[in-house]
$ cat final05.csv   # CSV, C-alpha atoms and all ligand atoms
chain,number,residue,atom,x,y,z
A,1,MET,CA,-3.9,-27.8,19.8
A,2,CYS,CA,-2.7,-24.2,19.6
A,3,ASP,CA,-4.4,-21.0,20.8
A,4,TRP,CA,-6.2,-20.7,17.5
A,5,CYS,CA,-7.7,-24.1,17.9
A,6,MET,CA,-9.0,-23.1,21.3
A,7,LYS,CA,-10.5,-20.0,19.8
A,8,HIS,CA,-11.7,-21.3,16.4
A,9,GLY,CA,-11.5,-25.0,16.5
A,10,ALA,CA,-14.9,-25.9,18.0
A,11,GLY,CA,-13.1,-28.5,20.1
A,12,GLY,CA,-10.7,-29.6,17.4
A,13,LYS,CA,-8.1,-28.1,15.1
A,14,TRP,CA,-8.9,-24.7,13.7
A,15,TYR,CA,-8.5,-25.8,10.1
A,16,MET,CA,-10.8,-28.8,10.6
A,17,ASN,CA,-13.7,-26.6,11.6
A,18,ALA,CA,-16.1,-26.4,8.6
A,19,LYS,CA,-17.6,-23.1,9.8
A,20,ASN,CA,-14.3,-21.4,9.1
A,21,TYR,CA,-14.6,-22.1,5.4
A,22,SER,CA,-18.2,-20.9,5.0
A,23,ASN,CA,-19.5,-18.1,2.8
A,24,GLU,CA,-21.6,-17.0,5.7
A,25,LEU,CA,-18.6,-16.4,7.8
A,26,ALA,CA,-16.9,-14.6,4.9
A,27,GLU,CA,-19.9,-12.3,4.6
A,28,ALA,CA,-20.1,-11.7,8.3
A,29,ILE,CA,-16.6,-10.4,8.4
A,30,ASN,CA,-16.8,-8.6,5.0
A,31,ALA,CA,-14.0,-10.7,3.6
A,32,GLN,CA,-14.8,-9.8,0.0
A,33,GLU,CA,-13.8,-6.1,0.5
A,34,TYR,CA,-10.7,-7.1,2.5
A,35,LEU,CA,-9.5,-9.6,-0.1
A,36,LYS,CA,-10.0,-7.3,-3.0
A,37,GLU,CA,-8.0,-4.5,-1.4
A,38,GLN,CA,-5.3,-7.0,-0.2
A,39,TRP,CA,-4.8,-8.7,-3.5
A,40,LYS,CA,-4.8,-5.8,-5.9
A,41,ALA,CA,-1.3,-4.6,-5.0
A,42,PHE,CA,-0.1,-7.5,-2.9
A,43,GLU,CA,3.4,-7.3,-4.3
A,44,MET,CA,3.8,-4.0,-2.5
A,45,VAL,CA,3.5,-5.5,1.0
A,46,TYR,CA,7.1,-5.3,2.0
A,47,ILE,CA,7.7,-1.9,0.4
A,48,ARG,CA,4.7,-0.1,1.7
A,49,ARG,CA,5.1,2.1,4.8
A,50,ILE,CA,3.2,0.7,7.7
A,51,MET,CA,3.0,3.2,10.5
A,52,GLY,CA,5.9,4.9,8.8
A,53,ILE,CA,8.1,1.8,8.5
A,54,THR,CA,8.7,-0.6,5.6
A,55,SER,CA,10.0,-4.1,5.8
A,56,ILE,CA,13.2,-3.0,4.1
A,57,ASP,CA,16.1,-4.1,6.4
A,58,LEU,CA,13.6,-5.5,8.9
A,59,GLY,CA,16.5,-7.6,10.5
A,60,TYR,CA,18.3,-4.4,11.5
A,61,LYS,CA,15.1,-2.6,12.6
A,62,LEU,CA,14.1,-5.5,14.9
A,63,GLN,CA,17.4,-5.3,16.7
A,64,LEU,CA,17.0,-1.6,17.6
A,65,PRO,CA,16.8,-1.3,21.4
A,66,ILE,CA,13.3,0.1,22.0
A,67,ILE,CA,11.9,0.6,18.5
A,68,GLY,CA,12.7,-3.1,17.7
A,69,ARG,CA,10.6,-4.3,20.6
A,70,ILE,CA,7.7,-2.1,19.7
A,71,LEU,CA,8.0,-3.1,16.1
A,72,ARG,CA,7.9,-6.8,16.9
A,73,TRP,CA,4.9,-6.3,19.3
A,74,SER,CA,2.9,-4.3,16.7
A,75,ALA,CA,3.8,-6.7,13.9
A,76,GLU,CA,2.5,-9.7,15.9
A,77,ARG,CA,-0.6,-7.8,16.8
A,78,MET,CA,-1.3,-7.0,13.1
A,79,ILE,CA,-0.6,-10.5,12.0
A,80,HIS,CA,-3.1,-11.9,14.5
A,81,SER,CA,-5.6,-9.1,14.5
A,82,GLU,CA,-9.3,-10.0,15.0
A,83,GLY,CA,-10.4,-6.4,15.2
A,84,LYS,CA,-13.2,-4.8,13.3
A,85,HIS,CA,-11.0,-2.4,11.3
A,86,ARG,CA,-8.4,-4.6,9.9
A,87,ASN,CA,-6.2,-3.1,7.3
A,88,PRO,CA,-6.0,-5.4,4.2
A,89,VAL,CA,-3.0,-3.8,2.6
A,90,ARG,CA,-0.8,-4.7,5.5
A,91,ALA,CA,-2.3,-8.2,5.7
A,92,ASP,CA,-3.8,-7.8,9.2
A,93,GLY,CA,-5.1,-11.1,10.4
A,94,HIS,CA,-3.3,-13.2,7.8
A,95,PHE,CA,-1.4,-16.2,9.1
A,96,GLY,CA,-1.2,-19.9,8.6
A,97,GLN,CA,0.0,-23.3,9.8
A,98,VAL,CA,1.9,-26.2,8.3
A,99,ILE,CA,-0.2,-29.3,7.7
A,100,PRO,CA,0.7,-32.8,6.4
A,101,LEU,CA,-0.6,-34.0,3.1
A,102,GLU,CA,-3.3,-36.2,4.6
A,103,GLU,CA,-5.0,-33.2,6.2
A,104,ALA,CA,-4.6,-31.0,3.1
A,105,LYS,CA,-6.5,-33.7,1.2
A,106,ILE,CA,-9.3,-33.8,3.8
A,107,ILE,CA,-9.6,-30.0,3.5
A,108,LEU,CA,-9.7,-30.0,-0.3
A,109,GLY,CA,-12.0,-33.0,-0.4
A,110,ASN,CA,-14.5,-31.8,2.1
A,111,LEU,CA,-14.1,-28.5,3.7
A,112,ALA,CA,-12.9,-26.0,1.1
A,113,ALA,CA,-15.7,-23.8,-0.3
A,114,GLU,CA,-16.0,-24.0,-4.1
A,115,PRO,CA,-14.9,-22.7,-6.5
A,116,ILE,CA,-11.4,-24.0,-6.1
A,117,ILE,CA,-8.6,-22.5,-8.2
A,118,GLU,CA,-4.9,-23.0,-8.6
A,119,ASN,CA,-3.0,-19.8,-9.3
A,120,TYR,CA,0.5,-18.5,-9.6
A,121,CYS,CA,2.4,-18.4,-6.3
A,122,MET,CA,2.9,-14.8,-5.2
A,123,CYS,CA,5.9,-15.4,-3.1
A,124,ARG,CA,8.0,-17.3,-5.7
A,125,TRP,CA,7.1,-14.5,-8.2
A,126,MET,CA,8.3,-11.7,-5.8
A,127,GLN,CA,11.3,-13.6,-4.5
A,128,ARG,CA,12.6,-15.3,-7.6
A,129,GLY,CA,10.6,-13.9,-10.6
A,130,ILE,CA,9.2,-17.4,-11.1
A,131,LYS,CA,5.6,-18.1,-12.1
A,132,GLU,CA,4.5,-21.5,-10.7
A,133,ALA,CA,0.9,-22.5,-10.3
A,134,CYS,CA,0.8,-24.2,-6.9
A,135,CYS,CA,-1.3,-22.0,-4.7
A,136,ILE,CA,-4.8,-23.5,-4.2
A,137,ASN,CA,-7.4,-20.9,-3.2
A,138,PHE,CA,-11.0,-21.3,-2.5
A,139,GLY,CA,-14.3,-19.7,-1.7
A,140,LEU,CA,-14.7,-16.0,-2.0
A,141,LEU,CA,-10.9,-15.6,-2.6
A,142,SER,CA,-11.1,-17.6,-5.9
A,143,GLY,CA,-13.5,-15.0,-7.3
A,144,VAL,CA,-11.2,-12.1,-6.3
A,145,ILE,CA,-8.1,-13.7,-7.8
A,146,GLU,CA,-9.8,-14.8,-11.0
A,147,LYS,CA,-10.2,-11.1,-11.9
A,148,LEU,CA,-6.5,-10.4,-11.6
A,149,SER,CA,-5.0,-11.9,-14.8
A,150,ARG,CA,-1.4,-11.8,-13.6
A,151,PHE,CA,-2.1,-14.6,-11.1
A,152,ILE,CA,-4.0,-16.8,-13.5
A,153,PRO,CA,-2.1,-19.5,-15.4
A,154,LYS,CA,-2.5,-19.3,-19.2
A,155,ASP,CA,-3.3,-22.3,-21.3
A,156,THR,CA,-4.0,-24.6,-18.3
A,157,LYS,CA,-7.2,-25.4,-16.5
A,158,TYR,CA,-7.0,-23.3,-13.3
A,159,ARG,CA,-10.4,-24.1,-11.9
A,160,LEU,CA,-10.1,-27.5,-10.2
A,161,ASP,CA,-12.7,-29.9,-9.0
A,162,ARG,CA,-12.0,-31.6,-5.6
A,163,ASP,CA,-10.3,-34.6,-7.1
A,164,GLU,CA,-8.0,-32.5,-9.2
A,165,ALA,CA,-7.2,-30.3,-6.3
A,166,ILE,CA,-6.2,-33.4,-4.2
A,167,ALA,CA,-4.1,-34.8,-7.1
A,168,HIS,CA,-2.3,-31.4,-7.4
A,169,ILE,CA,-1.5,-31.0,-3.7
A,170,GLU,CA,-0.2,-34.5,-3.7
A,171,GLU,CA,2.1,-33.8,-6.6
A,172,HIS,CA,3.4,-30.6,-5.0
A,173,ASN,CA,3.9,-32.3,-1.6
A,174,LYS,CA,5.8,-35.2,-3.1
A,175,LYS,CA,8.1,-32.7,-4.9
A,176,GLY,CA,9.0,-31.4,-1.4
A,177,TYR,CA,6.7,-28.4,-1.1
A,178,VAL,CA,5.4,-27.8,2.3
A,179,ALA,CA,1.6,-27.6,2.6
A,180,THR,CA,0.3,-24.7,4.6
A,181,VAL,CA,-3.3,-23.6,5.4
A,182,TRP,CA,-4.2,-19.9,5.8
A,183,PHE,CA,-6.5,-17.6,7.6
A,184,GLN,CA,-7.2,-14.6,5.4
A,185,PRO,CA,-8.4,-12.8,7.6
A,186,VAL,CA,-8.8,-14.9,10.7
A,187,PRO,CA,-11.0,-16.9,11.2
A,188,TYR,CA,-11.9,-17.2,7.5
A,189,ILE,CA,-9.9,-19.9,5.7
A,190,ASN,CA,-9.4,-19.7,2.0
A,191,ALA,CA,-6.0,-21.1,0.9
A,192,ILE,CA,-3.7,-24.1,0.9
A,193,CYS,CA,-0.3,-23.2,-0.3
A,194,SER,CA,2.7,-25.3,-1.3
A,195,CYS,CA,5.7,-23.4,0.0
A,196,GLU,CA,9.5,-23.4,-0.1
A,197,ASN,CA,11.8,-21.8,2.4
A,198,PRO,CA,12.9,-19.0,2.3
A,199,GLU,CA,10.9,-18.1,-0.8
A,200,CYS,CA,7.6,-18.1,1.1
A,201,GLY,CA,7.1,-14.8,2.7
A,202,GLY,CA,5.4,-16.4,5.7
A,203,LEU,CA,8.2,-18.9,6.3
A,204,ARG,CA,10.7,-16.1,5.8
A,205,LEU,CA,9.2,-13.9,8.5
A,206,ARG,CA,8.9,-16.9,10.8
A,207,ASN,CA,12.3,-18.5,10.3
A,208,ASP,CA,14.5,-15.4,9.7
A,209,PHE,CA,12.8,-12.9,12.0
A,210,GLY,CA,10.8,-14.9,14.5
A,211,LEU,CA,7.4,-13.5,13.7
A,212,HIS,CA,4.5,-15.9,13.9
A,213,THR,CA,3.2,-15.7,10.4
A,214,VAL,CA,3.3,-19.5,10.1
A,215,TYR,CA,2.8,-21.9,13.0
A,216,LYS,CA,4.5,-25.3,13.1
A,217,GLY,CA,2.2,-28.2,12.4
A,218,GLU,CA,0.5,-30.5,14.9
A,219,TYR,CA,3.1,-33.2,14.3
A,220,VAL,CA,6.8,-33.9,14.3
A,221,ALA,CA,8.8,-36.5,12.3
A,222,GLU,CA,10.0,-39.6,14.0
A,223,VAL,CA,12.6,-42.0,12.5
A,224,ASP,CA,12.5,-45.7,13.3
A,225,PRO,CA,16.2,-46.6,14.0
A,226,ASP,CA,15.6,-50.2,13.0
A,227,ARG,CA,14.2,-49.4,9.6
A,228,CYS,CA,16.5,-46.5,8.7
A,229,GLN,CA,19.1,-47.6,6.1
A,230,ALA,CA,21.1,-44.4,6.3
A,231,CYS,CA,20.5,-43.6,2.6
A,232,GLY,CA,20.2,-39.9,3.4
A,233,MET,CA,17.4,-39.2,0.9
A,234,CYS,CA,15.1,-37.7,3.5
A,235,VAL,CA,17.7,-35.1,4.4
A,236,THR,CA,17.6,-33.7,0.9
A,237,LYS,CA,13.9,-33.0,1.2
A,238,CYS,CA,13.6,-31.2,4.5
A,239,GLN,CA,13.3,-27.4,4.0
A,240,PHE,CA,14.2,-26.6,7.6
A,241,GLY,CA,17.5,-28.5,8.3
A,242,VAL,CA,15.9,-30.8,10.8
A,243,LEU,CA,17.3,-34.1,9.7
A,244,ARG,CA,20.9,-35.1,9.9
A,245,LEU,CA,22.6,-38.3,8.7
A,246,VAL,CA,24.9,-39.5,11.4
A,247,GLN,CA,27.4,-41.8,9.7
A,248,SER,CA,28.7,-43.4,12.9
A,249,LEU,CA,25.2,-44.2,14.1
A,250,LYS,CA,24.1,-45.3,10.6
A,251,ARG,CA,20.9,-43.5,10.8
A,252,VAL,CA,19.2,-40.2,10.6
A,253,ILE,CA,18.5,-38.1,13.7
A,254,VAL,CA,15.7,-35.5,14.0
A,255,ASP,CA,16.0,-32.1,15.6
A,256,ILE,CA,12.4,-32.0,16.8
A,257,ASN,CA,12.7,-28.4,18.1
A,258,LYS,CA,13.1,-27.3,14.5
A,259,CYS,CA,10.6,-29.7,12.9
A,260,PHE,CA,7.5,-28.1,11.3
A,261,GLY,CA,5.8,-31.5,10.9
A,262,CYS,CA,5.2,-31.0,7.2
A,263,GLY,CA,5.9,-34.7,6.5
A,264,VAL,CA,7.6,-34.2,3.1
A,265,CYS,CA,10.6,-36.1,4.2
A,266,ARG,CA,8.4,-39.3,4.3
A,267,HIS,CA,8.0,-39.2,0.6
A,268,ALA,CA,11.7,-39.7,0.1
A,269,CYS,CA,12.0,-42.7,2.3
A,270,LYS,CA,11.9,-46.1,0.5
A,271,TYR,CA,12.1,-48.0,3.7
A,272,ASP,CA,9.0,-46.5,5.4
A,273,ALA,CA,11.3,-45.4,8.3
A,274,ILE,CA,9.7,-42.0,9.0
A,275,LYS,CA,6.3,-41.3,10.4
A,276,LEU,CA,4.6,-38.2,11.8
A,277,VAL,CA,3.6,-38.3,15.5
A,278,PRO,CA,1.6,-35.7,17.4
A,279,ARG,CA,3.7,-32.9,18.7
A,280,GLU,CA,2.0,-33.4,22.1
A,281,ASN,CA,3.8,-36.8,22.4
A,282,TYR,CA,6.9,-34.8,23.4
A,283,PRO,CA,6.3,-33.0,26.7
A,284,ALA,CA,9.0,-30.5,25.7
A,285,LEU,CA,7.0,-29.5,22.6
A,286,ARG,CA,3.6,-29.2,24.2
A,287,GLY,CA,2.1,-25.9,23.3
A,288,VAL,CA,5.2,-25.0,21.3
A,289,TYR,CA,4.3,-24.1,17.7
M,1,MET,CA,24.8,-3.5,22.5
M,2,PHE,CA,24.4,-1.7,19.2
M,3,PRO,CA,22.6,-3.5,16.4
M,4,LYS,CA,24.7,-4.8,13.6
M,5,LYS,CA,24.5,-2.7,10.5
M,6,SER,CA,23.4,-4.6,7.4
M,7,PRO,CA,25.3,-4.6,4.1
M,8,LYS,CA,24.1,-1.9,1.7
M,9,VAL,CA,22.7,-3.2,-1.6
M,10,THR,CA,21.6,-0.7,-4.2
M,11,ILE,CA,20.0,-1.0,-7.7
M,12,ASP,CA,20.4,1.8,-10.2
M,13,TYR,CA,16.8,2.3,-11.4
M,14,THR,CA,17.9,4.4,-14.4
M,15,LYS,CA,19.2,1.1,-15.7
M,16,CYS,CA,16.7,-1.5,-14.5
M,17,GLY,CA,13.2,-0.6,-13.5
M,18,GLU,CA,10.4,1.5,-14.7
M,19,LYS,CA,12.7,4.1,-16.2
M,20,GLY,CA,15.5,1.9,-17.3
M,21,GLN,CA,16.2,-0.2,-20.4
M,22,MET,CA,15.5,-3.4,-18.5
M,23,ASP,CA,12.2,-4.7,-17.3
M,24,PRO,CA,13.3,-6.8,-14.3
M,25,ARG,CA,10.7,-9.4,-15.1
M,26,ASP,CA,12.6,-10.2,-18.3
M,27,CYS,CA,15.9,-10.7,-16.5
M,28,ALA,CA,15.4,-11.7,-12.9
M,29,LYS,CA,19.0,-12.9,-12.7
M,30,CYS,CA,19.7,-11.2,-9.3
M,31,LEU,CA,16.5,-12.7,-7.9
M,32,ARG,CA,17.7,-16.2,-8.7
M,33,VAL,CA,21.4,-16.0,-8.0
M,34,CYS,CA,21.0,-14.8,-4.5
M,35,ASP,CA,21.0,-17.8,-2.1
M,36,PRO,CA,19.4,-15.9,0.8
M,37,ALA,CA,16.9,-14.4,-1.6
M,38,ILE,CA,17.2,-10.8,-0.3
M,39,PHE,CA,15.6,-9.1,-3.4
M,40,ILE,CA,11.9,-8.5,-3.9
M,41,LEU,CA,10.3,-7.9,-7.3
M,42,HIS,CA,7.3,-5.5,-7.0
M,43,GLU,CA,5.3,-2.9,-8.9
M,44,SER,CA,7.0,0.4,-9.1
M,45,PRO,CA,5.7,3.0,-6.6
M,46,ASN,CA,4.7,6.4,-7.9
M,47,MET,CA,3.6,5.0,-11.3
M,48,PRO,CA,0.1,4.6,-12.6
M,49,ILE,CA,-1.4,1.6,-10.8
M,50,ASP,CA,-2.9,-1.2,-12.9
M,51,PRO,CA,-4.3,-3.6,-10.3
M,52,VAL,CA,-5.0,-6.3,-13.0
M,53,ASP,CA,-1.8,-6.4,-14.8
M,54,PRO,CA,0.8,-3.8,-13.6
M,55,LYS,CA,3.2,-2.7,-16.3
M,56,TYR,CA,6.0,-1.0,-14.2
M,57,TRP,CA,8.2,-3.2,-12.1
M,58,ARG,CA,11.4,-2.8,-10.1
M,59,ILE,CA,13.4,-4.8,-7.6
M,60,THR,CA,14.2,-3.7,-4.1
M,61,PRO,CA,16.8,-5.3,-1.9
M,62,VAL,CA,14.7,-5.9,1.2
M,63,TRP,CA,16.2,-8.6,3.5
M,64,LEU,CA,19.5,-6.8,3.8
M,65,SER,CA,20.6,-8.3,7.1
M,66,LEU,CA,20.7,-11.7,5.4
M,67,CYS,CA,23.1,-10.5,2.6
M,68,ASN,CA,26.5,-12.3,2.9
M,69,MET,CA,28.2,-10.0,0.4
M,70,CYS,CA,29.1,-12.9,-1.9
M,71,MET,CA,28.8,-10.4,-4.8
M,72,LYS,CA,27.1,-12.9,-7.1
M,73,CYS,CA,24.4,-10.4,-7.9
M,74,VAL,CA,26.9,-7.8,-8.9
M,75,LYS,CA,28.6,-10.2,-11.2
M,76,VAL,CA,25.5,-11.6,-12.8
M,77,CYS,CA,23.7,-8.3,-13.6
M,78,PRO,CA,24.1,-7.7,-17.3
M,79,LEU,CA,23.8,-3.9,-16.8
M,80,GLY,CA,26.1,-3.4,-13.9
M,81,ALA,CA,23.2,-1.9,-12.0
M,82,ILE,CA,23.8,-3.5,-8.6
M,83,THR,CA,26.3,-2.4,-5.9
M,84,VAL,CA,27.0,-4.1,-2.6
M,85,SER,CA,29.0,-2.4,0.1
M,86,ARG,CA,29.4,-2.2,3.9
D,301,LIG,S1,2.3,-18.9,1.0
D,301,LIG,FE1,3.5,-20.5,-0.1
D,301,LIG,S2,2.4,-21.1,-2.0
D,301,LIG,FE2,1.4,-19.3,-1.0
D,301,LIG,S3,2.1,-17.6,-2.2
D,301,LIG,FE3,3.5,-17.9,-0.5
D,301,LIG,S4,5.1,-19.4,-1.0
D,301,LIG,FE4,3.5,-19.4,-2.6
D,302,LIG,S1,15.2,-41.8,3.7
D,302,LIG,FE1,14.5,-43.4,5.2
D,302,LIG,S2,16.1,-44.9,5.1
D,302,LIG,FE2,17.0,-43.1,4.1
D,302,LIG,S3,18.1,-42.0,5.7
D,302,LIG,FE3,16.0,-41.2,5.7
D,302,LIG,S4,14.8,-42.4,7.2
D,302,LIG,FE4,16.7,-43.5,6.7
D,303,LIG,S1,11.9,-33.4,9.4
D,303,LIG,FE1,10.0,-32.2,10.0
D,303,LIG,S2,10.2,-30.3,8.9
D,303,LIG,FE2,11.7,-31.6,8.0
D,303,LIG,S3,10.6,-32.5,6.2
D,303,LIG,FE3,10.3,-33.9,7.9
D,303,LIG,S4,8.4,-33.3,8.9
D,303,LIG,FE4,9.1,-31.6,7.6
D,304,LIG,S1,26.0,-10.1,-2.4
D,304,LIG,FE1,25.3,-12.2,-2.5
D,304,LIG,S2,24.0,-12.4,-0.7
D,304,LIG,FE2,24.2,-10.2,-1.0
D,304,LIG,S3,22.5,-9.6,-2.3
D,304,LIG,FE3,24.1,-10.1,-3.7
D,304,LIG,S4,23.9,-12.3,-4.2
D,304,LIG,FE4,22.6,-11.9,-2.4
D,305,LIG,S1,20.3,-8.7,-12.6
D,305,LIG,FE1,20.4,-6.5,-13.0
D,305,LIG,S2,19.2,-6.2,-14.9
D,305,LIG,FE2,18.7,-8.2,-14.1
D,305,LIG,S3,16.9,-7.9,-12.9
D,305,LIG,FE3,18.6,-7.8,-11.5
D,305,LIG,S4,19.1,-5.6,-11.4
D,305,LIG,FE4,17.8,-5.9,-13.2
$ encode --input "final05.csv" --output "structure tokens"
Amino acid sequence: MCDWCMKHGAGGKWYMNAKNYSNELAEAINAQEYLKEQWKAFEMVYIRRIMGITSIDLGYKLQLPIIGRILRWSAERMIHSEGKHRNPVRADGHFGQVIPLEEAKIILGNLAAEPIIENYCMCRWMQRGIKEACCINFGLLSGVIEKLSRFIPKDTKYRLDRDEAIAHIEEHNKKGYVATVWFQPVPYINAICSCENPECGGLRLRNDFGLHTVYKGEYVAEVDPDRCQACGMCVTKCQFGVLRLVQSLKRVIVDINKCFGCGVCRHACKYDAIKLVPRENYPALRGVY
Amino acid sequence: MFPKKSPKVTIDYTKCGEKGQMDPRDCAKCLRVCDPAIFILHESPNMPIDPVDPKYWRITPVWLSLCNMCMKCVKVCPLGAITVSR
């Protein structure tokens, strides 16, 4: 369990707490207004000046001796803000965590507030100019996005019932897309995304700049040396360069320090050689997300 | 230690963008050719804002520190709108 589970998990994982999905919570924190403001010009998020600074050349700015440290500190504060006056256009309080397919299905089957929609992924659009419907949103956020036609797939059914949502997340996950669940704003949960690295803005900020926009999952991959046939298929699936086929050993090894626990490598293994185990099984990884 | 300067990547907005002949949404070649994906497609600032379906778009090179100066974007751009330099 991470800090957010301690705060918002009611004794379990934060994203398994039904309360965090409820319309009552959304109302209590005035999420409707926040989401409307945030989504109407979301594509400007890296370009907009935030305290006089844009994300342009963030890598350089973060290296600056004093300014870099202040910038990192304030960015982390914004990302995790639970304050009353959160600023939607800079996405205050918006962060997520990687989850395995099994948990994504439980969320979509039981916890997600209806209506559930599947809209165009914002990140792939901004990073690659590609429109792919693979972002599953729910609750109040669905109503906000539905009004913005540029995110709504044409000629396909974008409102999903629970079974359809489960079938879609399964399809994305098997393709190799990483399932992530999002606070927006914390502690209100309203999205399960299917991300690629580095196209996903959250994974980008995490992996390339060390900001905690996305936390690693509660699990890590473990390879059974007796089952592994060294076919290398799993290596092609991992978005994070965690797996390596060691020819002399005739098996795959796992760099657990890098593993996000998304579990998509498992879908590639015909020999059932990979399983997810709790991150806590490894003393060195306890509390490291 | 001084921070390492990033490569400079520029786009000529008189060629591609809200005032150019190209709407970047119709091309997007630079967005797709760049392995580190340093470009961001976004609504043009300083233009009338349409929150539902923005009409004016441009591309900004954002993640400059990750540019490896492979020059693929320069070569792929049909309008010669991109420059990459130290
Ligand atoms: S978080 Fe993932 S799925 Fe959602 S918009 Fe970004 S890349 Fe797309
Ligand atoms: S896909 Fe399975 S059998 Fe093939 S290398 Fe990976 S773990 Fe081993
Ligand atoms: S090795 Fe870890 S990060 Fe890579 S695909 Fe498997 S679970 Fe995901
Ligand atoms: S030079 Fe290469 S790495 Fe740099 S922006 Fe162009 S395509 Fe991307
Ligand atoms: S390749 Fe050139 S014309 Fe095409 S979108 Fe990029 S900058 Fe515009």
$ closest_residue --input "final05.csv" --among "A:Tyr34, A:Tyr21, A:Trp73, A:Tyr177" --to "ligand LIG 301 (chain D)" --atoms "only C-alpha atoms and all ligand atoms"
A:Tyr177
$ interface_residues --input "final05.csv" --of "chain M" --to "chain A" --cutoff "6 Å" --atoms "all atoms listed in the file" --output "mmCIF file with C-alpha atoms, in the coordinates of the input"
data_model
loop_
_atom_site.group_PDB
_atom_site.id
_atom_site.type_symbol
_atom_site.label_atom_id
_atom_site.label_comp_id
_atom_site.auth_asym_id
_atom_site.auth_seq_id
_atom_site.Cartn_x
_atom_site.Cartn_y
_atom_site.Cartn_z
ATOM 1 C CA PRO M 3 22.600 -3.500 16.400
ATOM 2 C CA ALA M 28 15.400 -11.700 -12.900
ATOM 3 C CA LEU M 31 16.500 -12.700 -7.900
ATOM 4 C CA ARG M 32 17.700 -16.200 -8.700
ATOM 5 C CA ILE M 40 11.900 -8.500 -3.900
ATOM 6 C CA LEU M 41 10.300 -7.900 -7.300
ATOM 7 C CA HIS M 42 7.300 -5.500 -7.000
ATOM 8 C CA PRO M 51 -4.300 -3.600 -10.300
ATOM 9 C CA VAL M 52 -5.000 -6.300 -13.000
ATOM 10 C CA ASP M 53 -1.800 -6.400 -14.800
ATOM 11 C CA VAL M 62 14.700 -5.900 1.200
ATOM 12 C CA TRP M 63 16.200 -8.600 3.500
ATOM 13 C CA LEU M 64 19.500 -6.800 3.800
ATOM 14 C CA SER M 65 20.600 -8.300 7.100
#
$ residues_near_ligand --input "final05.csv" --ligand "ligand LIG 304 (chain D)" --cutoff "12 Å" --atoms "only C-alpha atoms and all ligand atoms" --output "mmCIF file with C-alpha atoms, in the coordinates of the input"
data_model
loop_
_atom_site.group_PDB
_atom_site.id
_atom_site.type_symbol
_atom_site.label_atom_id
_atom_site.label_comp_id
_atom_site.auth_asym_id
_atom_site.auth_seq_id
_atom_site.Cartn_x
_atom_site.Cartn_y
_atom_site.Cartn_z
ATOM 1 C CA GLN A 127 11.300 -13.600 -4.500
ATOM 2 C CA ARG A 128 12.600 -15.300 -7.600
ATOM 3 C CA SER M 6 23.400 -4.600 7.400
ATOM 4 C CA PRO M 7 25.300 -4.600 4.100
ATOM 5 C CA LYS M 8 24.100 -1.900 1.700
ATOM 6 C CA VAL M 9 22.700 -3.200 -1.600
ATOM 7 C CA THR M 10 21.600 -0.700 -4.200
ATOM 8 C CA ILE M 11 20.000 -1.000 -7.700
ATOM 9 C CA LYS M 29 19.000 -12.900 -12.700
ATOM 10 C CA CYS M 30 19.700 -11.200 -9.300
ATOM 11 C CA LEU M 31 16.500 -12.700 -7.900
ATOM 12 C CA ARG M 32 17.700 -16.200 -8.700
ATOM 13 C CA VAL M 33 21.400 -16.000 -8.000
ATOM 14 C CA CYS M 34 21.000 -14.800 -4.500
ATOM 15 C CA ASP M 35 21.000 -17.800 -2.100
ATOM 16 C CA PRO M 36 19.400 -15.900 0.800
ATOM 17 C CA ALA M 37 16.900 -14.400 -1.600
ATOM 18 C CA ILE M 38 17.200 -10.800 -0.300
ATOM 19 C CA PHE M 39 15.600 -9.100 -3.400
ATOM 20 C CA ILE M 40 11.900 -8.500 -3.900
ATOM 21 C CA ILE M 59 13.400 -4.800 -7.600
ATOM 22 C CA THR M 60 14.200 -3.700 -4.100
ATOM 23 C CA PRO M 61 16.800 -5.300 -1.900
ATOM 24 C CA VAL M 62 14.700 -5.900 1.200
ATOM 25 C CA TRP M 63 16.200 -8.600 3.500
ATOM 26 C CA LEU M 64 19.500 -6.800 3.800
ATOM 27 C CA SER M 65 20.600 -8.300 7.100
ATOM 28 C CA LEU M 66 20.700 -11.700 5.400
ATOM 29 C CA CYS M 67 23.100 -10.500 2.600
ATOM 30 C CA ASN M 68 26.500 -12.300 2.900
ATOM 31 C CA MET M 69 28.200 -10.000 0.400
ATOM 32 C CA CYS M 70 29.100 -12.900 -1.900
ATOM 33 C CA MET M 71 28.800 -10.400 -4.800
ATOM 34 C CA LYS M 72 27.100 -12.900 -7.100
ATOM 35 C CA CYS M 73 24.400 -10.400 -7.900
ATOM 36 C CA VAL M 74 26.900 -7.800 -8.900
ATOM 37 C CA LYS M 75 28.600 -10.200 -11.200
ATOM 38 C CA VAL M 76 25.500 -11.600 -12.800
ATOM 39 C CA CYS M 77 23.700 -8.300 -13.600
ATOM 40 C CA ALA M 81 23.200 -1.900 -12.000
ATOM 41 C CA ILE M 82 23.800 -3.500 -8.600
ATOM 42 C CA THR M 83 26.300 -2.400 -5.900
ATOM 43 C CA VAL M 84 27.000 -4.100 -2.600
ATOM 44 C CA SER M 85 29.000 -2.400 0.100
ATOM 45 C CA ARG M 86 29.400 -2.200 3.900
#
$ residues_near_ligand --input "final05.csv" --ligand "ligand LIG 303 (chain D)" --cutoff "8 Å" --atoms "only C-alpha atoms and all ligand atoms" --output "count of residues only"
28
$ residues_near_ligand --input "final05.csv" --ligand "ligand LIG 302 (chain D)" --cutoff "8 Å" --atoms "only C-alpha atoms and all ligand atoms" --output "PyMOL selection string"
chain A and resi 223-225+227-235+245+251-252+265-266+268-274
$ residues_near_ligand --input "final05.csv" --ligand "ligand LIG 301 (chain D)" --cutoff "7 Å" --atoms "only C-alpha atoms and all ligand atoms" --output "PyMOL selection string"
chain A and resi 121-124+134-135+193-196+199-202
